[in-house]
Structures are given as C-alpha cells and as structure tokens.
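Asks: Here you go, this is target-v1.pdb (PDB, C-alpha atoms).
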ATOM      1  CA  MET A  29      31.268 -49.587  51.818
ATOM      2  CA  THR A  30      34.609 -48.029  50.934
ATOM      3  CA  VAL A  31      37.036 -49.524  48.433
ATOM      4  CA  PRO A  32      39.745 -50.322  51.031
ATOM      5  CA  ARG A  33      37.215 -52.186  53.165
ATOM      6  CA  ASN A  34      35.959 -54.124  50.153
ATOM      7  CA  LEU A  35      39.541 -54.950  49.244
ATOM      8  CA  SER A  36      40.453 -56.167  52.732
ATOM      9  CA  LEU A  37      37.324 -58.321  52.909
ATOM     10  CA  GLY A  38      37.988 -59.732  49.465
ATOM     11  CA  LEU A  39      41.586 -60.576  50.351
ATOM     12  CA  PHE A  40      40.518 -62.196  53.607
ATOM     13  CA  PHE A  41      37.917 -64.472  52.034
ATOM     14  CA  ALA A  42      40.202 -65.260  49.090
ATOM     15  CA  ALA A  43      42.911 -66.325  51.554
ATOM     16  CA  LEU A  44      40.331 -68.310  53.525
ATOM     17  CA  ALA A  45      39.175 -70.111  50.370
ATOM     18  CA  LEU A  46      42.799 -70.904  49.508
ATOM     19  CA  VAL A  47      43.302 -72.404  52.967
ATOM     20  CA  GLY A  48      40.285 -74.626  52.403
ATOM     21  CA  LEU A  49      41.565 -75.795  49.021
ATOM     22  CA  VAL A  50      45.186 -76.574  49.885
ATOM     23  CA  THR A  51      45.011 -77.734  53.515
ATOM     24  CA  PRO A  52      44.978 -81.535  53.927
ATOM     25  CA  GLY A  53      41.620 -82.864  55.047
ATOM     26  CA  PHE A  54      42.816 -84.162  58.412
ATOM     27  CA  GLN A  55      44.193 -80.724  59.325
ATOM     28  CA  LEU A  56      40.894 -79.046  58.489
ATOM     29  CA  LEU A  57      39.368 -80.651  61.582
ATOM     30  CA  ALA A  58      41.051 -78.069  63.829
ATOM     31  CA  VAL A  59      40.470 -75.251  61.326
ATOM     32  CA  ASN A  60      36.745 -75.989  61.287
ATOM     33  CA  GLN A  61      36.600 -75.710  65.071
ATOM     34  CA  HIS A  62      38.274 -72.307  64.825
ATOM     35  CA  LEU A  63      35.801 -71.226  62.133
ATOM     36  CA  PHE A  64      32.925 -72.288  64.379
ATOM     37  CA  LEU A  65      34.314 -69.998  67.078
ATOM     38  CA  ALA A  66      34.857 -67.171  64.555
ATOM     39  CA  VAL A  67      31.214 -67.300  63.455
ATOM     40  CA  ASN A  68      30.143 -67.034  67.093
ATOM     41  CA  VAL A  69      32.459 -64.041  67.536
ATOM     42  CA  LEU A  70      30.737 -62.392  64.574
ATOM     43  CA  ALA A  71      27.341 -63.294  66.048
ATOM     44  CA  LEU A  72      28.291 -61.645  69.338
ATOM     45  CA  ASN A  73      29.426 -58.590  67.356
ATOM     46  CA  PHE A  74      25.803 -58.096  66.260
ATOM     47  CA  CYS A  75      24.750 -57.990  69.911
ATOM     48  CA  LEU A  76      27.606 -56.015  71.443
ATOM     49  CA  GLY A  77      29.307 -54.286  68.525
ATOM     50  CA  LEU A  78      26.104 -52.986  66.941
ATOM     51  CA  GLY A  79      23.506 -53.021  69.706
ATOM     52  CA  GLY A  80      25.740 -52.444  72.720
ATOM     53  CA  GLN A  81      24.232 -55.457  74.532
ATOM     54  CA  ILE A  82      26.732 -57.769  76.179
ATOM     55  CA  SER A  83      25.756 -61.419  75.776
ATOM     56  CA  LEU A  84      27.007 -64.602  77.392
ATOM     57  CA  ALA A  85      24.349 -66.680  75.646
ATOM     58  CA  GLN A  86      26.012 -67.387  72.275
ATOM     59  CA  ALA A  87      26.884 -70.917  73.362
ATOM     60  CA  ALA A  88      23.236 -71.523  74.279
ATOM     61  CA  PHE A  89      22.038 -70.329  70.856
ATOM     62  CA  ALA A  90      24.657 -72.466  69.105
ATOM     63  CA  GLY A  91      23.588 -75.440  71.203
ATOM     64  CA  LEU A  92      19.946 -74.740  70.440
ATOM     65  CA  GLY A  93      20.752 -74.850  66.735
ATOM     66  CA  ALA A  94      22.737 -78.060  67.061
ATOM     67  CA  TYR A  95      20.242 -79.935  69.225
ATOM     68  CA  GLY A  96      17.218 -78.644  67.308
ATOM     69  CA  SER A  97      18.590 -79.662  63.927
ATOM     70  CA  VAL A  98      20.015 -83.029  64.992
ATOM     71  CA  LEU A  99      16.869 -84.113  66.852
ATOM     72  CA  LEU A 100      14.566 -83.019  64.026
ATOM     73  CA  HIS A 101      16.758 -84.739  61.425
ATOM     74  CA  ASP A 102      16.440 -87.957  63.437
ATOM     75  CA  ARG A 103      12.709 -87.854  62.687
ATOM     76  CA  PHE A 104      12.816 -86.236  59.245
ATOM     77  CA  PRO A 105      16.222 -87.042  57.711
ATOM     78  CA  GLU A 106      15.330 -85.678  54.257
ATOM     79  CA  ALA A 107      13.898 -82.355  55.406
ATOM     80  CA  THR A 108      17.079 -80.250  55.644
ATOM     81  CA  LEU A 109      15.627 -77.407  53.562
ATOM     82  CA  VAL A 110      12.775 -77.055  56.062
ATOM     83  CA  ILE A 111      14.505 -77.917  59.332
ATOM     84  CA  VAL A 112      17.556 -75.653  59.075
ATOM     85  CA  PRO A 113      15.694 -72.400  58.269
ATOM     86  CA  ALA A 114      13.074 -73.220  60.916
ATOM     87  CA  VAL A 115      15.704 -73.844  63.618
ATOM     88  CA  VAL A 116      17.728 -70.735  62.741
ATOM     89  CA  LEU A 117      14.633 -68.539  62.531
ATOM     90  CA  GLY A 118      13.266 -69.970  65.776
ATOM     91  CA  ALA A 119      16.534 -69.309  67.622
ATOM     92  CA  GLY A 120      16.680 -65.782  66.209
ATOM     93  CA  LEU A 121      13.121 -65.032  67.273
ATOM     94  CA  LEU A 122      13.778 -66.446  70.732
ATOM     95  CA  ALA A 123      16.867 -64.245  71.069
ATOM     96  CA  ALA A 124      14.896 -61.186  69.932
ATOM     97  CA  MET A 125      12.139 -61.950  72.441
ATOM     98  CA  LEU A 126      14.688 -62.356  75.262
ATOM     99  CA  SER A 127      16.277 -59.032  74.343
ATOM    100  CA  ARG A 128      13.160 -56.960  75.009
ATOM    101  CA  PRO A 129      12.783 -57.573  78.768
ATOM    102  CA  MET A 130      16.563 -57.449  79.184
ATOM    103  CA  GLU A 131      16.555 -53.954  77.635
ATOM    104  CA  ARG A 132      15.388 -52.617  81.005
ATOM    105  CA  LEU A 133      18.477 -54.005  82.736
ATOM    106  CA  GLY A 134      21.822 -52.292  83.143
ATOM    107  CA  GLU A 135      24.919 -53.740  81.461
ATOM    108  CA  GLY A 136      26.017 -55.729  84.487
ATOM    109  CA  PHE A 137      22.546 -57.203  85.001
ATOM    110  CA  LEU A 138      22.293 -57.939  81.274
ATOM    111  CA  ALA A 139      25.464 -60.038  81.437
ATOM    112  CA  MET A 140      24.013 -61.984  84.371
ATOM    113  CA  ALA A 141      20.701 -62.458  82.552
ATOM    114  CA  THR A 142      22.371 -63.901  79.452
ATOM    115  CA  LEU A 143      24.551 -66.059  81.691
ATOM    116  CA  CYS A 144      21.322 -67.472  83.135
ATOM    117  CA  VAL A 145      20.141 -68.240  79.580
ATOM    118  CA  SER A 146      23.247 -70.393  79.058
ATOM    119  CA  LEU A 147      22.764 -72.159  82.374
ATOM    120  CA  VAL A 148      19.069 -72.775  81.681
ATOM    121  CA  PHE A 149      19.913 -74.283  78.290
ATOM    122  CA  THR A 150      22.456 -76.672  79.839
ATOM    123  CA  ASN A 151      20.028 -77.680  82.588
ATOM    124  CA  LEU A 152      17.276 -78.339  80.033
ATOM    125  CA  VAL A 153      19.567 -80.594  78.014
ATOM    126  CA  LEU A 154      20.517 -82.512  81.143
ATOM    127  CA  THR A 155      16.931 -82.716  82.409
ATOM    128  CA  LEU A 156      15.400 -83.921  79.124
ATOM    129  CA  GLU A 157      17.701 -86.923  79.082
ATOM    130  CA  SER A 158      15.236 -89.169  77.274
ATOM    131  CA  VAL A 159      15.242 -86.768  74.316
ATOM    132  CA  THR A 160      18.695 -85.175  74.332
ATOM    133  CA  GLY A 161      20.785 -87.957  75.822
ATOM    134  CA  GLY A 162      21.631 -85.788  78.825
ATOM    135  CA  SER A 163      25.254 -85.711  79.924
ATOM    136  CA  ALA A 164      25.989 -88.819  77.809
ATOM    137  CA  GLY A 165      25.292 -86.859  74.630
ATOM    138  CA  HIS A 166      23.405 -87.751  71.478
ATOM    139  CA  MET A 167      24.603 -89.179  68.167
ATOM    140  CA  ALA A 168      23.907 -87.156  65.021
ATOM    141  CA  ASN A 169      22.889 -89.969  62.696
ATOM    142  CA  ALA A 170      21.612 -87.864  59.789
ATOM    143  CA  ARG A 171      23.658 -85.511  57.611
ATOM    144  CA  LEU A 172      22.667 -82.175  56.206
ATOM    145  CA  ALA A 173      21.607 -82.729  52.614
ATOM    146  CA  LEU A 174      20.787 -80.373  49.754
ATOM    147  CA  PRO A 175      19.172 -81.080  46.378
ATOM    148  CA  LEU A 176      21.741 -81.768  43.636
ATOM    149  CA  LEU A 177      24.622 -81.578  46.137
ATOM    150  CA  GLY A 178      23.540 -84.502  48.305
ATOM    151  CA  ALA A 179      24.838 -85.023  51.851
ATOM    152  CA  LEU A 180      27.207 -82.365  53.159
ATOM    153  CA  SER A 181      29.866 -84.398  54.922
ATOM    154  CA  GLY A 182      33.604 -84.333  55.305
ATOM    155  CA  ASP A 183      36.101 -81.767  56.540
ATOM    156  CA  ARG A 184      36.397 -79.770  53.305
ATOM    157  CA  ALA A 185      32.663 -79.483  52.689
ATOM    158  CA  THR A 186      32.161 -78.350  56.284
ATOM    159  CA  PHE A 187      34.973 -75.810  55.928
ATOM    160  CA  PHE A 188      33.225 -74.139  53.012
ATOM    161  CA  CYS A 189      29.884 -74.269  54.851
ATOM    162  CA  PHE A 190      31.445 -72.346  57.746
ATOM    163  CA  ALA A 191      33.280 -69.993  55.372
ATOM    164  CA  GLY A 192      30.055 -69.323  53.456
ATOM    165  CA  LEU A 193      28.185 -68.660  56.699
ATOM    166  CA  LEU A 194      30.952 -66.300  57.804
ATOM    167  CA  ALA A 195      30.749 -64.445  54.479
ATOM    168  CA  LEU A 196      26.960 -64.176  54.665
ATOM    169  CA  GLY A 197      27.107 -62.955  58.257
ATOM    170  CA  SER A 198      29.757 -60.390  57.320
ATOM    171  CA  TYR A 199      27.623 -59.048  54.483
ATOM    172  CA  ILE A 200      24.567 -58.718  56.758
ATOM    173  CA  PHE A 201      26.698 -57.081  59.459
ATOM    174  CA  LEU A 202      28.067 -54.413  57.118
ATOM    175  CA  ALA A 203      24.712 -53.827  55.451
ATOM    176  CA  LEU A 204      23.048 -53.333  58.836
ATOM    177  CA  ARG A 205      25.856 -51.178  60.229
ATOM    178  CA  ASP A 206      25.699 -48.808  57.249
ATOM    179  CA  SER A 207      21.907 -48.586  57.210
ATOM    180  CA  ARG A 208      19.489 -46.280  59.016
ATOM    181  CA  LEU A 209      18.894 -49.042  61.562
ATOM    182  CA  GLY A 210      22.632 -49.255  62.071
ATOM    183  CA  ARG A 211      22.782 -45.559  62.880
ATOM    184  CA  ALA A 212      19.928 -46.027  65.348
ATOM    185  CA  LEU A 213      21.829 -48.906  66.954
ATOM    186  CA  ALA A 214      24.954 -46.736  67.156
ATOM    187  CA  ALA A 215      22.916 -44.056  68.910
ATOM    188  CA  CYS A 216      21.606 -46.596  71.421
ATOM    189  CA  ARG A 217      25.105 -47.888  72.010
ATOM    190  CA  GLY A 218      26.515 -44.410  72.525
ATOM    191  CA  ASP A 219      23.794 -42.918  74.732
ATOM    192  CA  ALA A 220      20.623 -44.930  75.198
ATOM    193  CA  GLN A 221      18.714 -42.133  76.924
ATOM    194  CA  ALA A 222      19.578 -39.599  74.236
ATOM    195  CA  ALA A 223      18.572 -42.074  71.528
ATOM    196  CA  SER A 224      15.182 -42.576  73.187
ATOM    197  CA  SER A 225      14.645 -38.836  73.420
ATOM    198  CA  LEU A 226      15.190 -38.599  69.651
ATOM    199  CA  GLY A 227      12.447 -41.130  69.001
ATOM    200  CA  VAL A 228      14.519 -44.291  68.592
ATOM    201  CA  ASP A 229      12.681 -47.411  69.755
ATOM    202  CA  ARG A 230      15.572 -48.944  71.666
ATOM    203  CA  ALA A 231      13.829 -52.227  72.440
ATOM    204  CA  ALA A 232      12.881 -52.800  68.808
ATOM    205  CA  VAL A 233      16.216 -52.008  67.172
ATOM    206  CA  ARG A 234      18.259 -53.826  69.785
ATOM    207  CA  SER A 235      16.042 -56.895  69.610
ATOM    208  CA  LEU A 236      16.796 -56.990  65.870
ATOM    209  CA  SER A 237      20.568 -57.045  66.357
ATOM    210  CA  PHE A 238      20.295 -59.508  69.258
ATOM    211  CA  GLY A 239      18.037 -61.756  67.190
ATOM    212  CA  LEU A 240      20.452 -61.713  64.256
ATOM    213  CA  GLY A 241      23.275 -62.657  66.598
ATOM    214  CA  GLY A 242      21.271 -65.512  68.077
ATOM    215  CA  GLY A 243      20.241 -66.795  64.656
ATOM    216  CA  LEU A 244      23.820 -66.712  63.348
ATOM    217  CA  SER A 245      25.096 -68.688  66.341
ATOM    218  CA  ALA A 246      22.284 -71.197  65.837
ATOM    219  CA  ALA A 247      23.270 -71.611  62.163
ATOM    220  CA  ALA A 248      26.863 -72.270  63.228
ATOM    221  CA  GLY A 249      25.575 -74.805  65.754
ATOM    222  CA  VAL A 250      23.577 -76.598  63.050
ATOM    223  CA  ILE A 251      26.683 -77.106  60.927
ATOM    224  CA  HIS A 252      28.836 -77.998  63.923
ATOM    225  CA  GLY A 253      26.401 -80.526  65.370
ATOM    226  CA  HIS A 254      26.102 -82.531  62.155
ATOM    227  CA  TYR A 255      29.821 -82.224  61.426
ATOM    228  CA  THR A 256      31.003 -83.650  64.744
ATOM    229  CA  GLY A 257      28.423 -86.436  64.571
ATOM    230  CA  PHE A 258      27.881 -86.184  68.309
ATOM    231  CA  ILE A 259      26.380 -83.428  70.460
ATOM    232  CA  SER A 260      26.716 -82.947  74.208
ATOM    233  CA  PRO A 261      26.306 -80.065  76.680
ATOM    234  CA  GLU A 262      30.096 -79.726  77.003
ATOM    235  CA  GLN A 263      30.374 -78.626  73.359
ATOM    236  CA  TYR A 264      28.056 -75.650  73.933
ATOM    237  CA  HIS A 265      29.171 -74.702  77.396
ATOM    238  CA  LEU A 266      29.722 -71.228  78.818
ATOM    239  CA  GLU A 267      33.393 -71.402  77.788
ATOM    240  CA  LEU A 268      32.362 -70.861  74.157
ATOM    241  CA  SER A 269      30.535 -67.638  75.086
ATOM    242  CA  LEU A 270      33.482 -66.405  77.134
ATOM    243  CA  LYS A 271      35.923 -67.106  74.312
ATOM    244  CA  ALA A 272      33.724 -65.271  71.836
ATOM    245  CA  LEU A 273      33.561 -62.280  74.173
ATOM    246  CA  LEU A 274      37.333 -62.342  74.736
ATOM    247  CA  PHE A 275      38.198 -62.303  71.040
ATOM    248  CA  LEU A 276      35.583 -59.663  70.282
ATOM    249  CA  VAL A 277      37.054 -57.396  72.947
ATOM    250  CA  ILE A 278      40.570 -58.030  71.609
ATOM    251  CA  GLY A 279      39.526 -57.198  68.045
ATOM    252  CA  GLY A 280      37.212 -54.346  68.978
ATOM    253  CA  PRO A 281      33.392 -54.457  69.107
ATOM    254  CA  GLY A 282      31.865 -52.928  65.986
ATOM    255  CA  ASN A 283      34.861 -53.792  63.814
ATOM    256  CA  LEU A 284      34.242 -56.640  61.383
ATOM    257  CA  LEU A 285      37.566 -58.216  60.451
ATOM    258  CA  ARG A 286      39.760 -57.725  63.501
ATOM    259  CA  PRO A 287      37.699 -59.879  65.935
ATOM    260  CA  ILE A 288      37.418 -62.653  63.331
ATOM    261  CA  LEU A 289      41.162 -62.563  62.687
ATOM    262  CA  ALA A 290      41.828 -62.537  66.430
ATOM    263  CA  ALA A 291      39.718 -65.664  66.875
ATOM    264  CA  LEU A 292      41.297 -67.539  63.963
ATOM    265  CA  LEU A 293      44.920 -66.560  64.537
ATOM    266  CA  LEU A 294      45.011 -66.727  68.329
ATOM    267  CA  GLU A 295      43.068 -69.997  68.506
ATOM    268  CA  THR A 296      45.437 -71.495  65.915
ATOM    269  CA  ALA A 297      48.471 -70.272  67.850
ATOM    270  CA  MET A 298      47.105 -71.654  71.119
ATOM    271  CA  SER A 299      46.397 -75.035  69.523
ATOM    272  CA  TRP A 300      49.970 -75.187  68.200
ATOM    273  CA  LEU A 301      51.425 -74.264  71.580
ATOM    274  CA  SER A 302      49.355 -76.913  73.343
ATOM    275  CA  VAL A 303      50.684 -79.719  71.132
TER     276      VAL A 303
END
What's the structure tokens form of this structure?

Replies:
Amino acid sequence: MTVPRNLSLGLFFAALALVGLVTPGFQLLAVNQHLFLAVNVLALNFCLGLGGQISLAQAAFAGLGAYGSVLLHDRFPEATLVIVPAVVLGAGLLAAMLSRPMERLGEGFLAMATLCVSLVFTNLVLTLESVTGGSAGHMANARLALPLLGALSGDRATFFCFAGLLALGSYIFLALRDSRLGRALAACRGDAQAASSLGVDRAAVRSLSFGLGGGLSAAAGVIHGHYTGFISPEQYHLELSLKALLFLVIGGPGNLLRPILAALLLETAMSWLSV
C-alpha cells in the first residue's frame, strides 16, 4: 500500500472515531444505520469491485446474519463467541457455493440469479413464521456479549462495532486486492476468457471474493439485528441491495474509500433533506 493511501485511510478512520466520540448518543442512531449501509457497500465491492460479479443479494446475506444470530442467541444467550463466527462463516460459505454455478451465467443473468436469492430469503422468512415471526417480525431479546466487556448495547458501542467491522473489511479488501489472488480477480474482471486461458480458475477465485462479500454483509447483519432489538423482512429487503449497488457505482467499483464516503455522505444528506 502506498503512503498516500495509508494516509487517506488513517484520516478517514480517525475522523470516523472522532464522530463516534463527540456525537450525542441519540444522533448516533441515524449514523449507525448509515454505517450499516456502508459496510454492505464494502461487501458488494468484494463481489463486483474485485471479482466483477454483480450481486443483488447483499440484503439477503445481511438478513441471514441477523436472523441466524438472533434466533441462536434466543436458545444460547451466552454463546456469542461461538454463534457469531459460525453465522458469519456459514453465510460466507453459502455465498461462495452460490457463486460457483452462477459463474456460468452472463452478467445480466447473474443479476437476476442474485435477485432470486434475495426473494427466496424473504419468502423463507415469511414461510417459517413459527420460527422467524414472519411479517410480524421477531424480537431480539439477547444482546451480543464478550468476555470482560459484557453486553454490547447502546448507540456508541454499536457505532464502534460497525466502525471496527468497516476497518477490518477495508484491511482485508486492500490485502486481497494487492495479492496474487487480487491480480487473478482483476484478470477475471477484465477478460474472463483470457484469464481462463492463462490458467486462472475463475470459479475458485471469484467464489472467494463473493464469499468474503457475503460473510461481511452477514457480520453487519449480526450487529444490526441485535442493535435494533427487532428483526423483520422489511429491514433486509431488496432496497438495501439496490442502495449498496447505487453507492458502489457512484464511488467506483474497485475503489475502497470513495464508495464508502458516497454511502455515508449521501445517505446523511438525504436524511437531512427528508426532515
């Protein structure tokens, strides 16, 4: 990573930390919603910006994380250290598995396939009403809890959870983009047929980036589900995927900071204008 890029990232996260420290708690409610969207924009950047695979399934992966964690915490309220990694890993593996058959599809068909994933998730939540609460939603009774820190609750604690997840995702994104796998992903994004002729296993490398994107959205959903205290299909609807795609396109797929800034700044501006 170059010095200017390190500097810009450092300034961004320093400014973000300052926002979390000085902003009144009641105002952090809206900021946390914007951070949730920003993490999903970054997650989509793994799929589209690195792998060249358009995805409309980020909302489904976020919802999978939220519902999986909340429902498992209802049964095992003290098992956060087991439940959260299991849910995130499971969502990432599911995303990677879905990526392989979709690799054979063209870009337009891939968008439709991931749209179907979102619709299937919503229909499952509505169908399994006895477990998920269906359209009425489900209360998140248990909080995320860590040894020594205790329960993670409140607007400020959630802000730093989202900020930490955004920082971790950014580090993984840059490390992958600058690695040999990242160069293979860039080749697949530029010319898939040429990449295959050079010996690149397109299905394998793209499933990695798609899986990372799915896992990151699921992690954001875990935090969001416990933070809101209530989960419903409307929170993880297709609109979230479309917003993530919009801001990623505005900021530029493959770029790290610009899509995140677009999500945070434009969502904040739109919330102010709607008041």

Asks: Quick one: residues within 12 Å of segment 175-179 of chain A, all atoms listed in the file, excluding same-chain residues fewer than 5 positions away - as an MDAnalysis selection string?

Replies: chainID A and resid 105:109 170 185:186 254:255

Asks: Out of A:Ile259, A:Val145, A:Ser163, A:Gly282, which residue has the shortest atom-to-atom distance to Ala88 of chain A when counting all atoms listed in the file?

Replies: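 Under the stated criterion, the closest residue is A:Val145.
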
Asks: Between atom CA of Leu276 of chain A and atom CA of Ser83 of chain A, measure the distance and give it in Å to one decimal.

Replies: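 So the answer is 11.4 Å.
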
Asks: Using atom CA of Ala43 of chain A and atom CA of Val69 of chain A as the two end points, give the distance in Å to one decimal.

Replies: 19.2 Å

Asks: Just checking: using all atoms listed in the file, which residue out of A:Ala215, A:Phe41, A:Lys271, A:Gln86 ends up closest to Ala123 of chain A?

Replies: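 Closest candidate: A:Gln86.
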
Asks: Which is closest to Val153 of chain A among A:Pro261, A:Val115, A:Leu193, A:Ala168, if we use only C-alpha atoms?

Replies: A:Pro261

Asks: Around all of segment 159-165 of chain A's listed atoms, make the axis-aligned box with 5 Å on each side and tell me centre and edge lengths in Å to one decimal, as JSON.

Replies:
{"center_x": 20.6, "center_y": -87.0, "center_z": 77.1, "size_x": 20.7, "size_y": 13.6, "size_z": 15.6}

Asks: Here's a test: counting all atoms listed in the file, identify every protein, DNA and RNA residue with an atom at most 9 Å from (28.3, -52.4, 65.7) in the file's coordinate frame, and state them as a VMD selection string.

Replies: chain A and resid 73 to 80 201 to 202 204 to 205 210 213 to 214 217 281 to 284

Asks: Just the number, please: distance in Å from atom CA of Ala247 of chain A to atom CA of Val233 of chain A, one decimal.

Replies: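 It comes out at 21.4 Å.
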
Asks: So which one's closest to Leu63 of chain A, A:Gly93, A:Gly192, A:Gly241, A:Gly280? Using only C-alpha atoms, please.

Replies: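 With only C-alpha atoms as the atom set, the closest residue is A:Gly192.
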
Asks: Nearest residue to Gly118 of chain A out of A:Leu92, A:Leu293, A:Leu46, A:Val277, using all atoms listed in the file?

Replies: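 Nearest to Gly118 of chain A: A:Leu92.
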
Asks: Pick out the closest residue to Leu39 of chain A from this set: A:Leu154, A:Leu209, A:Leu285, A:Ala119. Count only C-alpha atoms.

Replies: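 The shortest atom-to-atom distance to Leu39 of chain A comes from A:Leu285.
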
Asks: Which residues, named as in the file, does the PyMOL selection byres ((chain A and resi 58) around 12) pick out? Answer as a list of chain:residue names.

Replies: A:Gly48, A:Thr51, A:Pro52, A:Gly53, A:Phe54, A:Gln55, A:Leu56, A:Leu57, A:Val59, A:Asn60, A:Gln61, A:His62, A:Leu63, A:Phe64, A:Leu65, A:Asp183, A:Arg184, A:Thr186, A:Phe187, A:Thr256, A:Leu292, A:Glu295, A:Thr296, A:Ala297, A:Met298, A:Ser299, A:Trp300

Asks: If we count all atoms listed in the file, what is near Ala71 of chain A at a cut-off of 9 Å, once residues fewer than 4 positions away on the same chain are taken out, given as a tab-separated table (two decimals) with C-alpha atoms, in the frame of the given file?

Replies:
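Okay, this is what ended up in out_27.tsv:
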chain	number	residue	atom	x	y	z
A	66	ALA	CA	34.86	-67.17	64.56
A	67	VAL	CA	31.21	-67.30	63.46
A	75	CYS	CA	24.75	-57.99	69.91
A	86	GLN	CA	26.01	-67.39	72.28
A	197	GLY	CA	27.11	-62.96	58.26
A	238	PHE	CA	20.30	-59.51	69.26
A	240	LEU	CA	20.45	-61.71	64.26
A	241	GLY	CA	23.28	-62.66	66.60
A	242	GLY	CA	21.27	-65.51	68.08
A	243	GLY	CA	20.24	-66.80	64.66
A	244	LEU	CA	23.82	-66.71	63.35
A	245	SER	CA	25.10	-68.69	66.34
A	272	ALA	CA	33.72	-65.27	71.84

Asks: Met125 of chain A: which residues within 10 Å, counting all atoms listed in the file, same-chain residues fewer than 2 positions away excluded, as a list in words?

Replies: Ala119, Gly120, Leu121, Leu122, Ala123, Ser127, Arg128, Pro129, Met130, Ala231, Ala232, Ser235, Leu236, Phe238 and Gly239 of chain A

Asks: Just so the selection is clear, what residues does the PyMOL selection byres ((chain A and resi 85) around 10) cover here, as a PyMOL selection string?

Replies: chain A and resi 72+82-84+86-91+123+139-147+149+241-242+245+264-266+268-270

Asks: For C-alpha atoms, I'd like the residues from the last selection saved as an mmCIF file, in the frame of the given file.

Replies:
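Just written: selection-v5.cif:
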data_model
loop_
_atom_site.group_PDB
_atom_site.id
_atom_site.type_symbol
_atom_site.label_atom_id
_atom_site.label_comp_id
_atom_site.auth_asym_id
_atom_site.auth_seq_id
_atom_site.Cartn_x
_atom_site.Cartn_y
_atom_site.Cartn_z
ATOM 1 C CA LEU A 72 28.291 -61.645 69.338
ATOM 2 C CA ILE A 82 26.732 -57.769 76.179
ATOM 3 C CA SER A 83 25.756 -61.419 75.776
ATOM 4 C CA LEU A 84 27.007 -64.602 77.392
ATOM 5 C CA GLN A 86 26.012 -67.387 72.275
ATOM 6 C CA ALA A 87 26.884 -70.917 73.362
ATOM 7 C CA ALA A 88 23.236 -71.523 74.279
ATOM 8 C CA PHE A 89 22.038 -70.329 70.856
ATOM 9 C CA ALA A 90 24.657 -72.466 69.105
ATOM 10 C CA GLY A 91 23.588 -75.440 71.203
ATOM 11 C CA ALA A 123 16.867 -64.245 71.069
ATOM 12 C CA ALA A 139 25.464 -60.038 81.437
ATOM 13 C CA MET A 140 24.013 -61.984 84.371
ATOM 14 C CA ALA A 141 20.701 -62.458 82.552
ATOM 15 C CA THR A 142 22.371 -63.901 79.452
ATOM 16 C CA LEU A 143 24.551 -66.059 81.691
ATOM 17 C CA CYS A 144 21.322 -67.472 83.135
ATOM 18 C CA VAL A 145 20.141 -68.240 79.580
ATOM 19 C CA SER A 146 23.247 -70.393 79.058
ATOM 20 C CA LEU A 147 22.764 -72.159 82.374
ATOM 21 C CA PHE A 149 19.913 -74.283 78.290
ATOM 22 C CA GLY A 241 23.275 -62.657 66.598
ATOM 23 C CA GLY A 242 21.271 -65.512 68.077
ATOM 24 C CA SER A 245 25.096 -68.688 66.341
ATOM 25 C CA TYR A 264 28.056 -75.650 73.933
ATOM 26 C CA HIS A 265 29.171 -74.702 77.396
ATOM 27 C CA LEU A 266 29.722 -71.228 78.818
ATOM 28 C CA LEU A 268 32.362 -70.861 74.157
ATOM 29 C CA SER A 269 30.535 -67.638 75.086
ATOM 30 C CA LEU A 270 33.482 -66.405 77.134
#
